[in-house]
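Worksheet: one structure, shown below.
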Protein chains: 4
Amino acid sequence: MIVNMSASATKEQISHVVERIQECGYQAHLIQGAERTVIGAVGSNGRRAEIEALRAAPGVQDVIQIAHPFKLVSRQLQQRRTIVDVGGVQIGAGNVTVMAGPCSVESGEQLMETALAVKAAGANLLRGGAYKPRTSPYDFQGLGVEALRLLREASEETGLPIVTEVMSETDVEIVAEYADMMQVGARNMQNFSLLRKLAILERPILLKRGPSATIKEWLLAAEYLLAGGNKNVVLCERGIKTFETATRNTLDLAAIALVKELSHLPVIADPSHGTGIRTLVSPMSKAAIAAGADGLMIEVHPCPERALSDGPQSLDLPGFAELMKELGTAPVREVKAA
Amino acid sequence: MIVNMSASATKEQISHVVERIQECGYQAHLIQGAERTVIGAVGSNGRRAEIEALRAAPGVQDVIQIAHPFKLVSRQLQQRRTIVDVGGVQIGAGNVTVMAGPCSVESGEQLMETALAVKAAGANLLRGGAYKPRTSPYDFQGLGVEALRLLREASEETGLPIVTEVMSETDVEIVAEYADMMQVGARNMQNFSLLRKLAILERPILLKRGPSATIKEWLLAAEYLLAGGNKNVVLCERGIKTFETATRNTLDLAAIALVKELSHLPVIADPSHGTGIRTLVSPMSKAAIAAGADGLMIEVHPCPERALSDGPQSLDLPGFAELMKELGTAPVREVKAA
Amino acid sequence: MIVNMSASATKEQISHVVERIQECGYQAHLIQGAERTVIGAVGSNGRRAEIEALRAAPGVQDVIQIAHPFKLVSRQLQQRRTIVDVGGVQIGAGNVTVMAGPCSVESGEQLMETALAVKAAGANLLRGGAYKPRTSPYDFQGLGVEALRLLREASEETGLPIVTEVMSETDVEIVAEYADMMQVGARNMQNFSLLRKLAILERPILLKRGPSATIKEWLLAAEYLLAGGNKNVVLCERGIKTFETATRNTLDLAAIALVKELSHLPVIADPSHGTGIRTLVSPMSKAAIAAGADGLMIEVHPCPERALSDGPQSLDLPGFAELMKELGTAPVREVKAA
Amino acid sequence: MIVNMSASATKEQISHVVERIQECGYQAHLIQGAERTVIGAVGSNGRRAEIEALRAAPGVQDVIQIAHPFKLVSRQLQQRRTIVDVGGVQIGAGNVTVMAGPCSVESGEQLMETALAVKAAGANLLRGGAYKPRTSPYDFQGLGVEALRLLREASEETGLPIVTEVMSETDVEIVAEYADMMQVGARNMQNFSLLRKLAILERPILLKRGPSATIKEWLLAAEYLLAGGNKNVVLCERGIKTFETATRNTLDLAAIALVKELSHLPVIADPSHGTGIRTLVSPMSKAAIAAGADGLMIEVHPCPERALSDGPQSLDLPGFAELMKELGTAPVREVKAA
């Protein structure tokens, strides 16, 4: 770490920082410039937080962290890319995995019709929300366990593994009974209690990026899962909040390319939430693949205008089939069914 | 609600939307302009979501919500301002309530020393983190139940009621045993499972605004609490994420003034997290009060440079006493101890 | 337009708004809901601003604009896509146009070496800054007219038309003497005086999106050019400012796809400024093309570590050749030299 | 500056950076940690940009600037606060300067009525737009020179000095003929050609913060003025663009407090643009003063609902008088007429 002393720092303040660095078992290297002094703190990482706290010491302008704060998710530690197996589907193995299905499970018919259609079109996993995090308490909150049962039926019928969101620590067990992959929603990315509970499962996790999470925060949320023992983590970029209101979120595809540099974990894109606009799902799906995404998560509904959630961004069944056909012939990278 | 048909919408598409509006039990009012047709949907609110879903219907450009989506938190429903009683301290009664204490409870000595000092300086509540939501799994995560016990002791010694964060649904009972007011942290503002669990308590809640939450989303999170039965809700503005990096967050004081117009709930400001910089805590405290805040939450530590979290934004004990003296003579609005 | 009266609006306030709408030559359509009244204002557009000003009238909560505020740039007015001819290169004709070259023209050698290399690699236009808008007055500000002359020489040698930024109204004539295409930089997107001056030329304009410009504001800036008489406008997405600091900007590729829906103007992407990181230029170039971009603008320097500006995001000559080879075989859309 | 080598940097890459630093006339200090090497570059500032360019060298992860990039605006250089004299009104002298008037000058009557009223209420300067930067080319663009003449008349009648925006380099002379203080609008904050032209005047400048400008960028824009020779600069915070849409902008009052720490220049707040909502102008005016602002700029119109621009955020005449009365008795800091 680098401690940047302010230009007006006194000798005593500099000495104090040096002593404190040494007290923490780090070495202090002074670099004296014309205007100011900068102190490098070199050492093992155990008391890093105490060095950082020196930002609060008199005469200190800033403490700059030099190393990335994440470890287990880092490619520095593990060059080999992680492949996550979800019920036989390999995510991150080079091909593009497509997860598709309705935002919310609304009924057995709706789900089964969608599941058969997305399977026929070439999807690899079935998505569908049982527990829905909704901005308003007056909006449809999901069918809960009933939806989990319907998802399992649809999975048995189609052979598609299931990914569904778990919103609450107290639902972890029940969701784990039914789901092949458990999704942590964007709003829960920093629900550390939930992450800790999921970390002790072996079940694969889909970790969505929070709408205001930096890439660093996102990777540190994944670090909670790996540090807790669960290595089966897939990241999902789903758009961040910006001043632009023409789209629901701003899909940050450079984050996908950058995460592929920084981490060995697979990363997929969710162009449905990422844009909020049905007609943008297709171009942004192609763009995400071109940027290096390992897969896509796409909302599909038999009748979007009657969807209980996220209709405007859902493809209808022919729309999804059309997209899959286009992706299949898009030769940037191969798309194949599991 | 207003359904804005696109300029190229066909007659059939318009008819379809009208029929669908009527099917939902709403009346449809057509306004035919030169370029496009706009359809007003008038009716009760029960199937509002279905009208909104029409955004997904062919020929529809947008569905615009006219009424505020929140109800119970709204001043439209309740003109009279809510006063929340926390262990005898009235929040929202016209005076300024000051909650102060360390970011994290680190030890009995650290807490007691701080508690006595903030009490002496005129604080009304003692804050202190027992469970800490930390971006990195390698950072200090709080002392947990031990910290709750220490908070209770400090409360008995000083007479200050306690506010502390509850991060997890499974900790709600234990935190409720010790805390006078339970804080929902910024990262958990949309942890709806946690909100639902807190809604069935009577214990006062301090609901922090999420770093990327709009004012509407924040009020809807509070709506979860009121709709679930808990009316003792105090809102806390603590800064939002923006492109500006010179401060940790951007403290949005206009949000305080606007929330006071829209809602009857008390609102306080957290200038410590809102700026991340100790020297800005004092001017922003004064500014928050001038903007209409019902109180302040301020981080105080006996030795900020040794704090296990948030040292750079913590005032030391004399610094807090100085601030309180300044606030006490700032005559915009009265500051008094409980 | 829709005037949304507040729930507490009085009859007199509603009547006043209706009268004012009629005074402006619009028809007023009342929609009376249970909670509030909404008034549609239907009419020609001449006094639209006066209707909008009613937002300031008593009892009015909001005035909602229904139609897009831009006209000439809109696909509603002109379905056929605009093709902009820059010295024989057709931008927007279906193929991908690549503009490449150094951020700043630093010397004759640097420019000529780069120009020959990017020409050989298949670029269609040569870019290079003569006048540089720099955040700090102490940074290199460009060689000015000398750079323009060097660009012209490089163009004559390579046959590549030139695109270069014009920063100042007073430089419009001199830049127009040398440049085939004149770039309006991101910081000048809403320099309306400059736009008005460029609008009366016929010279093609490359209009970069401002770092905090919404898509609507960007299209309205283009509208200034078209309304002033210049139809040869190409838009360029170059990233927007967000809270994410790992990349220099957040490249908003959905904006490209959306602008292609809303407007007939060609749109290109600048992945160099859009990311600020050399290794991200290649994936984001591919992603931009997949999203529908009509071209790319890419910074190339013979020795990026000695570049006087934007070295970290510049490709070196072999890096650019490699990218062009990859794009050439990327079969999403065809890339061909002019 | 600090050059942060990546963990995988080779010895050759480190040597290369060291040599390059020495070539630029700086000293290189190596700090070798367990994981990586960090190199301090110490020296005079002349070739700073070349050190920064090393970010593009192989093996370099980042180059971190340690010193603030601004000089003349910095309190490090000049502790004494600058007081700017505008026609006899001292800005930054400890009291609060209030600039008030219409967004746009629309007519002689409108302006004179407003000028007399704001004078009577205690304003110190008259504001009024002659040249209006408007997002749409179809909106009212200002009366130009005619407005300048009307402003001068109003100034003569009331004794209030005038502040008005100059949008274009070619208007600098004509605006300087009439205005006591020349405003650089938010969209032009980084119109460096305009800044350079204004820098050679002695006329006081009001430099608005750009809607997406960091504090650093804002101070560097001011640095252009000071470096060019004009020391009479007043900064104006007017809100930044964020994801929040309930207010027009997010007024960043912490920026005011922070700029007062970093710079000796006076800073005022514009709560009208900063919020876009009339009812928020009063609380945010008080908050800005409490945060340390040296003044306020407030939009006032005799009939806001008929204003040709910014009606919704304009106070009417009694509203402004009321605000001034409240500010006058707000004892945080003194408000006095010139």
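The way I read the labels, and the way they are meant: chains A, B, ... in the order of the structure tokens, residue 1 as the first residue of every chain, and ligand 1 as the first ligand shown, with later ones counted on from there.
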Report as a compact mmCIF listing (two decimals) with N, CA and C atoms, in the first residue's frame the set of chain C residues whose atoms approach chain B to within 7 Å, with distances computed over only C-alpha atoms.
# COMPACT_ATOMS: atom_id res chain seq x y z
N ASN C 4 -50.25 16.51 -16.02
CA ASN C 4 -50.66 15.68 -14.88
C ASN C 4 -50.90 16.58 -13.69
N HIS C 29 -58.03 17.89 -23.53
CA HIS C 29 -58.88 16.72 -23.26
C HIS C 29 -58.73 16.33 -21.80
N ILE C 31 -59.17 13.93 -18.61
CA ILE C 31 -59.44 12.56 -18.17
C ILE C 31 -59.50 12.61 -16.65
N GLY C 33 -59.80 10.89 -13.29
CA GLY C 33 -59.70 9.63 -12.57
C GLY C 33 -60.27 9.78 -11.18
N ALA C 34 -60.19 8.71 -10.41
CA ALA C 34 -60.70 8.76 -9.04
C ALA C 34 -59.85 9.71 -8.22
N GLY C 40 -54.90 16.11 -21.55
CA GLY C 40 -54.15 15.96 -22.78
C GLY C 40 -54.20 17.26 -23.56
N VAL C 42 -53.62 18.64 -27.20
CA VAL C 42 -53.44 18.15 -28.57
C VAL C 42 -53.35 19.32 -29.52
N GLY C 43 -52.36 19.30 -30.37
CA GLY C 43 -52.29 20.40 -31.33
C GLY C 43 -50.99 20.42 -32.08
N ILE C 66 -45.00 13.62 -24.94
CA ILE C 66 -45.36 12.32 -25.50
C ILE C 66 -44.53 12.03 -26.76
N LYS C 241 -20.15 8.68 -18.59
CA LYS C 241 -19.61 8.69 -17.23
C LYS C 241 -20.54 7.95 -16.29
N THR C 242 -19.99 7.02 -15.55
CA THR C 242 -20.76 6.30 -14.56
C THR C 242 -19.90 6.17 -13.31
N PHE C 243 -20.43 5.49 -12.31
CA PHE C 243 -19.68 5.27 -11.06
C PHE C 243 -18.53 4.28 -11.25
Per-residue nearest contacts segment 14-100 of chain C to segment 140-160 of chain C, cut-off 10 Å, using only C-alpha atoms, as a Markdown table:
| residue | atom | partner | partner_atom | distance |
| --- | --- | --- | --- | --- |
| C:Val86 | CA | C:Leu160 | CA | 9.8 |
| C:Gly87 | CA | C:Leu160 | CA | 8.2 |
| C:Gly88 | CA | C:Leu160 | CA | 9.4 |
| C:Val89 | CA | C:Leu160 | CA | 8.9 |
| C:Met99 | CA | C:Leu160 | CA | 9.4 |
Filtering to C-alpha atoms, could you give me those residues as a PDB file, in the first residue's frame?
ATOM      1  CA  VAL C  86     -16.433  11.129 -46.771  1.00  0.00           C
ATOM      2  CA  GLY C  87     -13.962  11.524 -49.596  1.00  0.00           C
ATOM      3  CA  GLY C  88     -15.388   8.485 -51.335  1.00  0.00           C
ATOM      4  CA  VAL C  89     -15.863   6.334 -48.247  1.00  0.00           C
ATOM      5  CA  MET C  99     -11.234   5.278 -38.732  1.00  0.00           C
TER       6      MET C  99
END
If you run DSSP on the backbone, which residues of segment 107-226 of chain C are alpha helix (DSSP H), as a count of residues only? 55
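DSSP, applied to the backbone of this structure, assigns strand (DSSP E) to the following residues of segment 147-325 of chain C: Ile162, Val163, Thr164, Glu165, Met181, Met182, Gln183, Val184, Ile205, Leu206, Leu207, Lys208, Val233, Val234, Leu235, Cys236, Glu237, Val267, Ile268, Ala269, Gly295, Leu296, Met297, Ile298 and Glu299 of chain C.
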Just the selected residues (C-alpha atoms), exported as an mmCIF file, in the first residue's frame, please.
data_model
loop_
_atom_site.group_PDB
_atom_site.id
_atom_site.type_symbol
_atom_site.label_atom_id
_atom_site.label_comp_id
_atom_site.auth_asym_id
_atom_site.auth_seq_id
_atom_site.Cartn_x
_atom_site.Cartn_y
_atom_site.Cartn_z
ATOM 1 C CA ILE C 162 -9.103 12.623 -42.869
ATOM 2 C CA VAL C 163 -11.246 13.134 -39.795
ATOM 3 C CA THR C 164 -10.076 15.607 -37.176
ATOM 4 C CA GLU C 165 -11.625 17.572 -34.346
ATOM 5 C CA MET C 181 -14.738 15.094 -41.973
ATOM 6 C CA MET C 182 -14.939 17.403 -38.969
ATOM 7 C CA GLN C 183 -15.293 15.946 -35.539
ATOM 8 C CA VAL C 184 -17.233 17.573 -32.718
ATOM 9 C CA ILE C 205 -19.585 15.903 -39.264
ATOM 10 C CA LEU C 206 -18.693 13.247 -36.724
ATOM 11 C CA LEU C 207 -20.718 14.093 -33.621
ATOM 12 C CA LYS C 208 -19.445 12.420 -30.483
ATOM 13 C CA VAL C 233 -23.882 13.666 -39.804
ATOM 14 C CA VAL C 234 -22.388 10.523 -38.321
ATOM 15 C CA LEU C 235 -22.900 9.849 -34.614
ATOM 16 C CA CYS C 236 -20.187 8.362 -32.419
ATOM 17 C CA GLU C 237 -20.758 6.580 -29.104
ATOM 18 C CA VAL C 267 -23.557 5.506 -35.758
ATOM 19 C CA ILE C 268 -20.053 4.363 -35.006
ATOM 20 C CA ALA C 269 -18.283 3.369 -31.785
ATOM 21 C CA GLY C 295 -18.011 1.768 -37.972
ATOM 22 C CA LEU C 296 -15.246 2.129 -35.446
ATOM 23 C CA MET C 297 -12.860 4.874 -34.442
ATOM 24 C CA ILE C 298 -9.652 3.456 -33.023
ATOM 25 C CA GLU C 299 -6.554 5.114 -31.601
#
